[in-house]
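One file, model.cif, carrying mmCIF, C-alpha atoms and all ligand atoms:
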```
data_upload
loop_
_atom_site.label_atom_id
_atom_site.label_comp_id
_atom_site.auth_asym_id
_atom_site.auth_seq_id
_atom_site.Cartn_x
_atom_site.Cartn_y
_atom_site.Cartn_z
CA MET Q 1 -4.59 -149.43 82.28
CA ASN Q 2 -7.68 -147.56 83.40
CA LEU Q 3 -8.90 -147.18 86.96
CA GLN Q 4 -11.56 -149.88 86.71
CA SER Q 5 -8.97 -152.46 85.68
CA ARG Q 6 -6.14 -151.23 87.91
CA ASP Q 7 -8.13 -150.69 91.08
CA PRO Q 8 -11.75 -151.88 91.00
CA GLU Q 9 -12.18 -151.15 94.71
CA ILE Q 10 -11.49 -147.43 94.30
CA ALA Q 11 -13.46 -147.37 91.02
CA LYS Q 12 -16.42 -148.80 92.92
CA ILE Q 13 -16.14 -146.20 95.68
CA ILE Q 14 -16.17 -143.42 93.07
CA ALA Q 15 -19.17 -144.95 91.28
CA THR Q 16 -21.01 -145.23 94.60
CA GLU Q 17 -20.24 -141.58 95.35
CA GLU Q 18 -21.65 -140.62 91.93
CA ARG Q 19 -24.84 -142.48 92.81
CA ARG Q 20 -25.00 -140.76 96.20
CA LEU Q 21 -24.67 -137.36 94.52
CA ARG Q 22 -27.54 -138.24 92.18
CA GLU Q 23 -29.88 -139.61 94.80
CA GLU Q 24 -29.34 -137.16 97.66
CA ILE Q 25 -30.27 -133.53 98.13
CA VAL Q 26 -27.01 -131.82 99.06
CA LEU Q 27 -27.58 -128.73 101.17
CA ILE Q 28 -24.04 -128.35 102.55
CA ALA Q 29 -23.46 -124.63 102.05
CA SER Q 30 -19.76 -125.03 101.21
CA GLU Q 31 -20.12 -127.77 98.59
CA ASN Q 32 -20.82 -127.71 94.88
CA TYR Q 33 -20.39 -129.85 91.73
CA ALA Q 34 -17.34 -129.01 89.64
CA SER Q 35 -17.99 -129.25 85.90
CA ARG Q 36 -16.67 -132.08 83.74
CA ALA Q 37 -14.08 -129.68 82.27
CA VAL Q 38 -12.83 -128.78 85.78
CA LEU Q 39 -12.67 -132.47 86.72
CA GLU Q 40 -10.80 -133.28 83.52
CA ALA Q 41 -8.12 -130.67 84.22
CA THR Q 42 -7.88 -131.87 87.82
CA GLY Q 43 -7.28 -135.40 86.60
CA SER Q 44 -4.66 -134.39 84.03
CA VAL Q 45 -0.93 -135.09 83.62
CA LEU Q 46 -0.15 -131.68 85.10
CA THR Q 47 -0.29 -133.55 88.41
CA ASN Q 48 3.16 -134.97 87.56
CA LYS Q 49 5.17 -131.77 87.46
CA TYR Q 50 7.24 -130.17 90.18
CA ALA Q 51 7.44 -126.41 89.81
CA GLU Q 52 8.44 -124.76 93.09
CA GLY Q 53 8.45 -121.03 92.62
CA TYR Q 54 6.32 -118.86 90.34
CA PRO Q 55 5.97 -118.67 86.52
CA GLY Q 56 9.30 -117.66 85.02
CA ARG Q 57 11.04 -118.10 88.40
CA ARG Q 58 10.97 -121.86 89.07
CA TYR Q 59 13.41 -124.15 90.83
CA TYR Q 60 12.85 -126.98 88.30
CA ALA Q 61 13.35 -127.41 84.57
CA GLY Q 62 10.57 -128.23 82.10
CA THR Q 63 7.95 -125.99 83.63
CA GLU Q 64 6.76 -124.11 80.54
CA ASN Q 65 3.36 -125.81 80.47
CA VAL Q 66 2.57 -125.38 84.14
CA ASP Q 67 3.87 -121.80 83.83
CA ALA Q 68 1.34 -121.21 81.04
CA ALA Q 69 -1.50 -122.73 83.08
CA GLU Q 70 -0.63 -120.70 86.19
CA SER Q 71 -0.27 -117.45 84.21
CA LEU Q 72 -3.64 -118.04 82.56
CA ALA Q 73 -5.27 -118.78 85.92
CA THR Q 74 -3.83 -115.59 87.39
CA GLU Q 75 -4.91 -113.44 84.42
CA ARG Q 76 -8.43 -114.84 84.48
CA ALA Q 77 -8.74 -114.36 88.25
CA LYS Q 78 -7.77 -110.71 87.78
CA GLN Q 79 -10.46 -110.34 85.13
CA LEU Q 80 -13.01 -112.04 87.36
CA PHE Q 81 -12.36 -109.97 90.46
CA GLU Q 82 -12.25 -106.39 89.29
CA GLY Q 83 -9.50 -104.27 90.79
CA ALA Q 84 -7.36 -107.26 91.76
CA GLU Q 85 -3.78 -106.00 91.62
CA HIS Q 86 -2.09 -109.31 92.35
CA VAL Q 87 -3.31 -112.91 92.47
CA ASN Q 88 -1.72 -116.03 93.94
CA VAL Q 89 -3.39 -119.25 92.81
CA GLN Q 90 -1.11 -121.67 94.67
CA PRO Q 91 -2.63 -122.10 98.16
CA HIS Q 92 -3.80 -125.68 98.50
CA SER Q 93 -6.73 -124.83 100.78
CA GLY Q 94 -8.60 -121.95 102.36
CA SER Q 95 -6.86 -122.59 105.68
CA GLN Q 96 -3.48 -122.34 103.96
CA ALA Q 97 -4.50 -119.17 102.12
CA ASN Q 98 -5.32 -117.65 105.51
CA MET Q 99 -2.15 -119.03 107.07
CA ALA Q 100 -0.09 -117.33 104.37
CA ALA Q 101 -1.89 -114.04 105.04
CA TYR Q 102 -0.94 -114.24 108.72
CA PHE Q 103 2.61 -115.27 107.85
CA ALA Q 104 2.88 -112.30 105.48
CA ALA Q 105 1.74 -109.72 107.98
CA LEU Q 106 2.37 -110.97 111.53
CA GLU Q 107 4.90 -112.26 113.99
CA PRO Q 108 3.88 -114.95 116.48
CA GLY Q 109 1.97 -113.38 119.36
CA ASP Q 110 0.63 -110.46 117.32
CA ARG Q 111 -2.96 -109.47 117.85
CA VAL Q 112 -5.65 -110.29 115.29
CA MET Q 113 -9.39 -109.73 115.40
CA GLY Q 114 -12.00 -111.98 113.82
CA MET Q 115 -15.53 -113.27 114.27
CA SER Q 116 -15.74 -116.07 116.82
CA LEU Q 117 -16.39 -119.54 115.43
CA ASP Q 118 -19.73 -119.96 117.21
CA HIS Q 119 -21.02 -116.76 115.54
CA GLY Q 120 -20.07 -117.82 112.03
CA GLY Q 121 -16.29 -117.34 111.86
CA HIS Q 122 -13.92 -120.02 110.60
CA LEU Q 123 -11.47 -122.20 112.52
CA THR Q 124 -8.62 -120.18 111.01
CA HIS Q 125 -10.10 -116.97 112.40
CA GLY Q 126 -8.57 -117.65 115.79
CA SER Q 127 -10.19 -120.77 117.16
CA PRO Q 128 -8.13 -122.00 120.12
CA VAL Q 129 -7.97 -125.49 118.58
CA ASN Q 130 -6.49 -124.14 115.32
CA PHE Q 131 -2.95 -122.93 114.52
CA SER Q 132 -4.33 -119.38 114.27
CA GLY Q 133 -5.56 -119.32 117.86
CA ARG Q 134 -2.39 -121.00 119.09
CA ILE Q 135 0.15 -118.80 117.32
CA TYR Q 136 -1.56 -115.40 117.44
CA ASP Q 137 -3.32 -113.34 120.08
CA PHE Q 138 -6.86 -113.44 118.71
CA VAL Q 139 -9.65 -111.26 119.98
CA HIS Q 140 -13.17 -111.79 118.72
CA TYR Q 141 -16.24 -109.86 117.78
CA GLN Q 142 -19.70 -111.40 117.77
CA LEU Q 143 -23.09 -110.81 116.23
CA ASP Q 144 -25.60 -108.47 117.84
CA GLU Q 145 -27.79 -110.61 120.09
CA GLU Q 146 -31.05 -108.97 119.05
CA SER Q 147 -30.65 -108.59 115.28
CA GLU Q 148 -28.16 -111.47 114.80
CA VAL Q 149 -26.22 -109.39 112.30
CA ILE Q 150 -22.81 -107.72 112.54
CA ASP Q 151 -22.79 -104.64 114.73
CA TYR Q 152 -20.20 -102.56 112.87
CA ASP Q 153 -20.09 -99.91 115.60
CA ALA Q 154 -19.20 -102.60 118.14
CA VAL Q 155 -16.51 -103.97 115.77
CA GLU Q 156 -15.07 -100.47 115.54
CA ARG Q 157 -15.13 -99.96 119.33
CA ILE Q 158 -13.32 -103.26 119.96
CA ALA Q 159 -10.78 -102.50 117.24
CA GLN Q 160 -10.11 -99.02 118.68
CA GLU Q 161 -9.64 -100.48 122.12
CA LEU Q 162 -7.56 -103.56 121.28
CA ARG Q 163 -5.61 -102.30 118.22
CA PRO Q 164 -5.24 -105.57 116.26
CA LYS Q 165 -2.74 -105.77 113.39
CA ILE Q 166 -5.24 -107.62 111.19
CA ILE Q 167 -9.02 -107.44 111.14
CA VAL Q 168 -10.63 -110.48 109.51
CA SER Q 169 -13.99 -110.25 107.76
CA GLY Q 170 -15.79 -113.04 105.88
CA TYR Q 171 -17.48 -116.07 107.42
CA SER Q 172 -18.55 -119.69 107.14
CA ALA Q 173 -22.08 -119.33 108.44
CA TYR Q 174 -23.29 -115.76 107.98
CA SER Q 175 -26.30 -115.22 105.79
CA ARG Q 176 -26.24 -111.45 105.39
CA THR Q 177 -24.45 -109.04 103.09
CA ILE Q 178 -21.03 -108.07 104.47
CA ASP Q 179 -20.13 -104.40 104.43
CA PHE Q 180 -16.50 -104.83 103.36
CA GLU Q 181 -16.14 -101.10 102.81
CA ARG Q 182 -16.95 -100.44 106.46
CA PHE Q 183 -14.46 -103.13 107.53
CA GLY Q 184 -11.82 -101.49 105.35
CA LYS Q 185 -12.45 -98.13 107.01
CA ILE Q 186 -12.40 -99.60 110.52
CA ALA Q 187 -9.09 -101.31 109.76
CA GLU Q 188 -7.62 -98.17 108.24
CA ASN Q 189 -8.64 -96.08 111.27
CA VAL Q 190 -6.75 -98.37 113.66
CA GLY Q 191 -3.76 -98.96 111.37
CA ALA Q 192 -4.70 -102.61 110.80
CA ILE Q 193 -4.70 -104.69 107.65
CA HIS Q 194 -8.08 -105.84 106.40
CA LEU Q 195 -8.08 -109.56 105.53
CA ALA Q 196 -11.32 -110.54 103.80
CA ASP Q 197 -11.98 -114.28 103.66
CA MET Q 198 -14.57 -114.52 100.88
CA ALA Q 199 -14.43 -118.32 100.56
CA HIS Q 200 -18.16 -118.84 100.91
CA ILE Q 201 -19.31 -116.01 98.69
CA ALA Q 202 -16.57 -115.86 96.03
CA GLY Q 203 -18.94 -117.03 93.27
CA LEU Q 204 -21.48 -114.39 94.28
CA VAL Q 205 -18.77 -111.72 94.32
CA ALA Q 206 -17.46 -112.85 90.92
CA ALA Q 207 -20.96 -112.56 89.47
CA GLY Q 208 -21.61 -109.17 91.06
CA VAL Q 209 -24.45 -110.31 93.31
CA HIS Q 210 -22.50 -109.57 96.50
CA PRO Q 211 -20.29 -106.48 96.97
CA SER Q 212 -16.63 -107.21 96.39
CA PRO Q 213 -14.07 -106.98 99.20
CA VAL Q 214 -11.25 -106.41 96.68
CA PRO Q 215 -11.23 -102.58 96.76
CA HIS Q 216 -11.41 -102.58 100.56
CA ALA Q 217 -8.90 -105.20 101.71
CA GLU Q 218 -5.14 -105.55 101.49
CA ILE Q 219 -5.54 -109.34 101.29
CA VAL Q 220 -8.56 -111.30 100.10
CA THR Q 221 -8.50 -115.09 100.45
CA SER Q 222 -10.89 -117.65 99.04
CA THR Q 223 -11.39 -121.30 98.38
CA THR Q 224 -12.19 -122.17 94.78
CA HIS Q 225 -14.70 -124.97 95.27
CA LYS Q 226 -17.67 -123.39 97.05
CA THR Q 227 -19.96 -120.93 95.23
CA LEU Q 228 -17.09 -120.42 92.74
CA ARG Q 229 -17.62 -124.07 91.65
CA GLY Q 230 -14.01 -124.88 90.81
CA PRO Q 231 -11.63 -127.58 92.01
CA ARG Q 232 -10.85 -128.06 95.70
CA GLY Q 233 -8.22 -125.43 96.43
CA ALA Q 234 -7.72 -121.78 97.20
CA MET Q 235 -6.38 -118.44 96.02
CA ALA Q 236 -5.57 -114.98 97.28
CA ILE Q 237 -5.84 -111.48 95.90
CA THR Q 238 -3.55 -108.82 97.31
CA THR Q 239 -2.69 -105.22 96.69
CA ASN Q 240 0.63 -104.60 94.94
CA GLU Q 241 2.02 -103.52 98.29
CA TRP Q 242 1.41 -106.97 99.79
CA SER Q 243 2.15 -109.13 96.73
CA ARG Q 244 5.78 -110.03 97.47
CA LYS Q 245 5.20 -110.71 101.13
CA TYR Q 246 2.17 -112.86 100.38
CA ASP Q 247 3.90 -114.83 97.62
CA SER Q 248 6.90 -115.63 99.75
CA ALA Q 249 4.63 -116.61 102.64
CA VAL Q 250 3.02 -119.23 100.33
CA PHE Q 251 6.33 -120.39 98.85
CA PRO Q 252 8.88 -121.05 100.28
CA ARG Q 253 7.57 -120.39 103.78
CA MET Q 254 4.43 -122.53 103.87
CA GLN Q 255 4.15 -124.79 100.82
CA GLY Q 256 6.48 -126.64 98.47
CA GLY Q 257 5.44 -127.63 94.96
CA PRO Q 258 2.24 -126.07 93.62
CA MET Q 259 -0.39 -128.43 92.22
CA GLY Q 260 -0.32 -127.73 88.49
CA HIS Q 261 -3.36 -129.88 87.77
CA THR Q 262 -5.46 -128.03 90.35
CA ILE Q 263 -4.16 -124.65 89.17
CA ALA Q 264 -5.18 -125.55 85.59
CA ALA Q 265 -8.61 -126.54 86.91
CA LYS Q 266 -8.84 -123.20 88.74
CA ALA Q 267 -8.16 -121.49 85.38
CA VAL Q 268 -11.04 -123.48 83.84
CA ALA Q 269 -13.34 -122.52 86.70
CA TYR Q 270 -12.45 -118.83 86.36
CA LYS Q 271 -13.24 -119.02 82.64
CA GLU Q 272 -16.59 -120.60 83.45
CA ALA Q 273 -17.28 -117.96 86.10
CA LEU Q 274 -16.65 -115.18 83.56
CA SER Q 275 -19.62 -116.39 81.49
CA ASP Q 276 -23.14 -114.95 81.47
CA GLU Q 277 -24.40 -118.39 82.38
CA PHE Q 278 -22.47 -118.26 85.65
CA LYS Q 279 -23.86 -114.80 86.44
CA GLU Q 280 -27.34 -116.23 86.02
CA TYR Q 281 -26.37 -119.18 88.22
CA ALA Q 282 -25.26 -116.81 91.00
CA ARG Q 283 -28.50 -114.84 90.75
CA ASN Q 284 -30.42 -118.11 90.95
CA ILE Q 285 -28.50 -119.11 94.09
CA VAL Q 286 -29.62 -115.95 95.86
CA GLY Q 287 -33.20 -116.37 94.60
CA ASN Q 288 -33.35 -120.00 95.70
CA ALA Q 289 -31.89 -119.30 99.14
CA SER Q 290 -34.35 -116.54 99.76
CA ALA Q 291 -37.30 -118.68 98.54
CA LEU Q 292 -36.19 -121.60 100.71
CA ALA Q 293 -35.82 -119.37 103.79
CA GLU Q 294 -39.33 -118.05 103.20
CA ALA Q 295 -40.78 -121.54 102.76
CA LEU Q 296 -39.09 -122.81 105.93
CA THR Q 297 -40.29 -119.77 107.86
CA ALA Q 298 -43.82 -120.35 106.59
CA ALA Q 299 -43.52 -123.93 107.86
CA GLY Q 300 -42.73 -122.59 111.36
CA MET Q 301 -38.92 -122.77 111.40
CA ARG Q 302 -36.86 -119.88 112.73
CA ILE Q 303 -34.16 -118.58 110.42
CA VAL Q 304 -31.32 -116.75 112.20
CA SER Q 305 -31.54 -112.98 111.50
CA GLY Q 306 -34.89 -113.59 109.81
CA GLY Q 307 -33.62 -114.59 106.36
CA THR Q 308 -30.73 -114.57 103.95
CA ASP Q 309 -29.05 -112.33 101.38
CA ASN Q 310 -26.66 -114.94 100.07
CA HIS Q 311 -26.43 -118.70 99.46
CA LEU Q 312 -27.06 -120.00 102.97
CA MET Q 313 -29.24 -119.80 106.05
CA LEU Q 314 -29.00 -120.99 109.61
CA VAL Q 315 -32.05 -122.69 111.07
CA ASP Q 316 -32.41 -122.26 114.83
CA LEU Q 317 -33.95 -125.46 116.20
CA ARG Q 318 -34.17 -124.41 119.84
CA ASP Q 319 -37.98 -124.26 119.82
CA MET Q 320 -38.31 -127.60 118.02
CA ASN Q 321 -37.02 -129.95 120.67
CA VAL Q 322 -34.27 -131.31 118.47
CA SER Q 323 -30.55 -130.52 118.49
CA GLY Q 324 -28.49 -129.71 115.41
CA ALA Q 325 -26.74 -133.09 115.68
CA GLU Q 326 -30.08 -134.94 115.84
CA ALA Q 327 -31.50 -132.92 112.96
CA GLU Q 328 -28.44 -133.72 110.82
CA VAL Q 329 -28.98 -137.46 111.42
CA LYS Q 330 -32.73 -137.29 110.80
CA MET Q 331 -32.28 -135.42 107.55
CA ARG Q 332 -29.53 -137.73 106.35
CA SER Q 333 -31.72 -140.76 107.11
CA VAL Q 334 -33.94 -139.71 104.21
CA GLY Q 335 -31.14 -138.50 101.92
CA ILE Q 336 -31.02 -134.79 102.77
CA VAL Q 337 -27.45 -133.75 103.55
CA ALA Q 338 -26.88 -130.65 105.66
CA ASN Q 339 -24.64 -129.99 108.62
CA LYS Q 340 -25.26 -129.18 112.26
CA ASN Q 341 -24.08 -125.70 113.13
CA MET Q 342 -23.85 -123.44 116.13
CA VAL Q 343 -26.38 -120.60 116.17
CA PRO Q 344 -25.40 -117.25 117.74
CA PHE Q 345 -25.28 -117.53 121.55
CA ASP Q 346 -25.77 -121.28 121.26
CA PRO Q 347 -26.16 -123.00 124.65
CA ASN Q 348 -25.07 -126.35 123.15
CA PRO Q 349 -21.46 -127.41 122.48
CA PRO Q 350 -20.06 -127.70 118.91
CA ARG Q 351 -20.66 -131.44 118.65
CA VAL Q 352 -24.34 -130.98 119.52
CA THR Q 353 -25.33 -127.45 118.45
CA SER Q 354 -28.81 -125.94 118.19
CA GLY Q 355 -28.92 -125.35 114.48
CA VAL Q 356 -28.42 -126.61 110.98
CA ARG Q 357 -26.73 -124.71 108.16
CA ILE Q 358 -28.51 -125.00 104.84
CA GLY Q 359 -27.04 -123.85 101.54
CA VAL Q 360 -28.28 -123.96 97.97
CA PRO Q 361 -25.21 -123.78 95.67
CA SER Q 362 -25.31 -127.51 94.88
CA ILE Q 363 -29.04 -127.83 94.25
CA THR Q 364 -28.93 -124.67 92.13
CA SER Q 365 -26.12 -126.22 90.05
CA ARG Q 366 -28.46 -129.15 89.41
CA GLY Q 367 -31.03 -126.76 87.96
CA MET Q 368 -33.48 -126.59 90.83
CA ASN Q 369 -35.31 -123.27 90.84
CA ILE Q 370 -37.53 -121.25 93.17
CA ASP Q 371 -40.54 -123.41 92.31
CA ASP Q 372 -38.66 -126.40 93.76
CA MET Q 373 -37.83 -124.68 97.05
CA GLY Q 374 -41.31 -125.36 98.47
CA THR Q 375 -40.73 -129.08 97.89
CA ILE Q 376 -37.28 -128.94 99.52
CA ALA Q 377 -38.72 -127.12 102.54
CA GLU Q 378 -41.50 -129.68 102.84
CA LEU Q 379 -39.01 -132.57 102.66
CA ILE Q 380 -36.82 -130.98 105.35
CA VAL Q 381 -39.77 -130.40 107.68
CA GLU Q 382 -41.07 -133.94 107.14
CA SER Q 383 -37.61 -135.43 107.73
CA LEU Q 384 -37.56 -133.86 111.19
CA ARG Q 385 -41.11 -134.99 111.98
CA VAL Q 386 -41.15 -138.68 110.98
CA THR Q 387 -40.06 -141.39 113.41
CA GLU Q 388 -36.69 -143.09 112.91
CA SER Q 389 -37.00 -146.40 110.98
CA SER Q 390 -40.76 -146.00 110.46
CA SER Q 391 -42.45 -146.86 107.17
CA GLU Q 392 -43.26 -143.17 106.89
CA GLN Q 393 -39.53 -142.43 106.99
CA GLN Q 394 -38.87 -145.06 104.33
CA SER Q 395 -41.41 -143.62 101.95
CA LEU Q 396 -40.05 -140.12 102.57
CA ALA Q 397 -36.56 -141.39 101.69
CA GLN Q 398 -37.97 -142.79 98.43
CA ARG Q 399 -39.60 -139.42 97.69
CA VAL Q 400 -36.28 -137.63 98.22
CA LYS Q 401 -34.49 -140.13 95.98
CA ASP Q 402 -37.07 -139.82 93.17
CA PHE Q 403 -37.06 -136.03 93.38
CA ALA Q 404 -33.25 -135.69 93.49
CA SER Q 405 -32.69 -138.22 90.70
CA SER Q 406 -34.81 -136.17 88.32
CA PHE Q 407 -32.09 -133.47 88.23
CA PRO Q 408 -28.71 -134.03 86.52
CA VAL Q 409 -25.48 -133.77 88.51
CA PRO Q 410 -22.90 -131.54 86.74
CA GLY Q 411 -19.62 -133.37 86.22
CA VAL Q 412 -21.41 -136.72 86.41
CA ASP Q 413 -24.43 -136.51 84.09
CA SER Q 414 -23.62 -133.39 82.10
N1 LIG Q 501 -15.46 -126.37 105.96
C1 LIG Q 501 -15.94 -125.17 105.30
C2 LIG Q 501 -17.36 -124.95 105.51
O1 LIG Q 501 -18.10 -125.93 105.52
O2 LIG Q 501 -17.80 -123.83 105.64
C3 LIG Q 501 -15.15 -124.00 105.68
O3 LIG Q 501 -13.83 -124.24 105.37
#
```
Go through the file and emit its structure as structure tokens.
Amino acid sequence: MNLQSRDPEIAKIIATEERRLREEIVLIASENYASRAVLEATGSVLTNKYAEGYPGRRYYAGTENVDAAESLATERAKQLFEGAEHVNVQPHSGSQANMAAYFAALEPGDRVMGMSLDHGGHLTHGSPVNFSGRIYDFVHYQLDEESEVIDYDAVERIAQELRPKIIVSGYSAYSRTIDFERFGKIAENVGAIHLADMAHIAGLVAAGVHPSPVPHAEIVTSTTHKTLRGPRGAMAITTNEWSRKYDSAVFPRMQGGPMGHTIAAKAVAYKEALSDEFKEYARNIVGNASALAEALTAAGMRIVSGGTDNHLMLVDLRDMNVSGAEAEVKMRSVGIVANKNMVPFDPNPPRVTSGVRIGVPSITSRGMNIDDMGTIAELIVESLRVTESSSEQQSLAQRVKDFASSFPVPGVDS
């Protein structure tokens, strides 16, 4: 019995979500559209199998097919990220991939250093409301107030002074190229491990349009569903030295059964990411982000650090008399989906914020190109200008819908 017959309510919710994806302009920097092939693997019978352990070393019988899928995923990930000595494709999420890294290398109370959340770090980089900030002694570095980019000399000074056991690089809202090599050297000089969380930029790294952290970090973690465009999940790359500790931190310490269906879908996504087409996609992401940042700047908006080198940008709304939370609502009212975000040295709290984070991986997957970025910028600016519930707002919403609907949604329409 298919889904429509078995559960029409859920079938309707999924169909409505497909329509939303078609009709809205998705600018959430961490989202993307998985391909039909990735969705098919995710929805496969591999979901049924228990396979605690690793290929060839399982605690259940009948695992030869999930073994094959996991081995293929691991091999392809190694091909994709040059220099990867060891890959673990089992972490269910980016947070869990980071948790396993901490479990592998730390005892509770050990000191770790990461970027603070309000400067672009992630919850798992030591936020006091997250397990990381509760279990470990996190110290934070921030962006330089003037340039709004990482001050590597300051990172080094803090590391020398506070001697963390892990230094975390990689961010959720940082629009500039990360000097992973410098982070690796800073960590080495203080006897720390370098943990690079490349979740946001993994697709760009895979395609060679952002420098890779792999040669410069003992542990690299990533989600698989952002710029990498795979299924919702995560992975880690470690040096041979850290492979056993990392694997046992994932299983049996943190997780039970791996998700064979998701691991198979990760393998599909890695295969896709090895293609020339994906490399072109990644180049287009960077081109689109840069064109959009320029168009927004030309329209009078301030982009944090003056622009972007990757897939996202932060718009500082402090001069525009609108908070990040208000901007998010105004944009959504016309079908533009982006999220409120703290800007560096933000005077507003996290639920309000003074900025919005805008990313282009999703619209680039739909085939929008640099010529379309002027239109997107214009629609964003207009969405912030028009009055709530006015006829002007209604006609803008129609314009967004017409524009968005003219581009196919991968996994839905193609
Ligand atoms: N929630 C993700 C993001 O939006 O950046 C990070 O995990």
Original post:
If you count all atoms listed in the file, which residues fall within 9 Å of Asn48 of chain Q, apart from same-chain ones fewer than 4 positions away, as a ChimeraX atom specification?
Top reply: /Q:44,259-261
Using only C-alpha atoms, what table do you get, as a tab-separated table, when you list each residue of segment 280-356 of chain Q with an atom no more than 7 Å from segment 174-198 of chain Q, its nearest pair of atoms, and their distance in Å rounded to one decimal, rows by chain then rising number?
```
residue	atom	partner	partner_atom	distance
Q:Thr308	CA	Q:Ser175	CA	4.8
Q:Asp309	CA	Q:Arg176	CA	5.0
Q:Asn310	CA	Q:Ser175	CA	5.7
Q:Leu312	CA	Q:Ser175	CA	5.6
Q:Met313	CA	Q:Ser175	CA	5.4
```
Distance table requested - chain Q against ligand LIG 501 (chain Q), cut-off 9 Å, only C-alpha atoms and all ligand atoms: one row per qualifying residue with the closest atom pair and its distance in Å to one decimal, ordered by chain and rising residue number, as JSON lines.
```
{"residue": "Q:Ile28", "atom": "CA", "partner": "Q:LIG501", "partner_atom": "O1", "distance": 7.1}
{"residue": "Q:Ala29", "atom": "CA", "partner": "Q:LIG501", "partner_atom": "O1", "distance": 6.5}
{"residue": "Q:Ser30", "atom": "CA", "partner": "Q:LIG501", "partner_atom": "O1", "distance": 4.7}
{"residue": "Q:Glu31", "atom": "CA", "partner": "Q:LIG501", "partner_atom": "O1", "distance": 7.4}
{"residue": "Q:Ser93", "atom": "CA", "partner": "Q:LIG501", "partner_atom": "O3", "distance": 8.5}
{"residue": "Q:Gly94", "atom": "CA", "partner": "Q:LIG501", "partner_atom": "O3", "distance": 6.5}
{"residue": "Q:Ser95", "atom": "CA", "partner": "Q:LIG501", "partner_atom": "O3", "distance": 7.2}
{"residue": "Q:His122", "atom": "CA", "partner": "Q:LIG501", "partner_atom": "C3", "distance": 6.4}
{"residue": "Q:Leu123", "atom": "CA", "partner": "Q:LIG501", "partner_atom": "O3", "distance": 7.8}
{"residue": "Q:Thr124", "atom": "CA", "partner": "Q:LIG501", "partner_atom": "O3", "distance": 8.7}
{"residue": "Q:Tyr171", "atom": "CA", "partner": "Q:LIG501", "partner_atom": "O2", "distance": 8.0}
{"residue": "Q:Ser172", "atom": "CA", "partner": "Q:LIG501", "partner_atom": "O2", "distance": 4.5}
{"residue": "Q:Ala173", "atom": "CA", "partner": "Q:LIG501", "partner_atom": "O2", "distance": 6.8}
{"residue": "Q:Ala199", "atom": "CA", "partner": "Q:LIG501", "partner_atom": "O3", "distance": 7.7}
{"residue": "Q:His200", "atom": "CA", "partner": "Q:LIG501", "partner_atom": "O2", "distance": 6.9}
{"residue": "Q:Thr223", "atom": "CA", "partner": "Q:LIG501", "partner_atom": "O3", "distance": 8.0}
{"residue": "Q:Lys226", "atom": "CA", "partner": "Q:LIG501", "partner_atom": "O2", "distance": 8.6}
{"residue": "Q:Asn339", "atom": "CA", "partner": "Q:LIG501", "partner_atom": "O1", "distance": 8.3}
```
Quick one: which segment 249-349 of chain Q residues come within 12 Å of segment 149-152 of chain Q, and what is the nearest atom pair for each with the distance in Å to one decimal, counting only C-alpha atoms, rows ordered by chain and ascending number, as CSV?
```
residue,atom,partner,partner_atom,distance
Q:Val304,CA,Q:Val149,CA,9.0
Q:Ser305,CA,Q:Val149,CA,6.5
Q:Gly306,CA,Q:Val149,CA,10.0
Q:Gly307,CA,Q:Val149,CA,10.8
Q:Thr308,CA,Q:Val149,CA,10.8
Q:Asp309,CA,Q:Val149,CA,11.7
Q:Val343,CA,Q:Val149,CA,11.9
Q:Pro344,CA,Q:Val149,CA,9.6
```
**OP:** Compile the contact shell of Val87 of chain Q as a ChimeraX atom specification: residues with an atom at most 10 Å away, counting only C-alpha atoms, same-chain residues fewer than 3 positions apart removed.
**Re:** /Q:71,73-78,81,84,90,219-221,235-240,243,246-247
Original post:
Which residues, written as JSON, numbers by chain, have at least one atom at most 9 Å from Leu204 of chain Q, with all atoms listed in the file counted and residues fewer than 5 positions away on the same chain left out?
Top reply: {"Q": [209, 210, 211, 212, 227, 228, 279, 282, 283, 285, 286, 310, 311]}
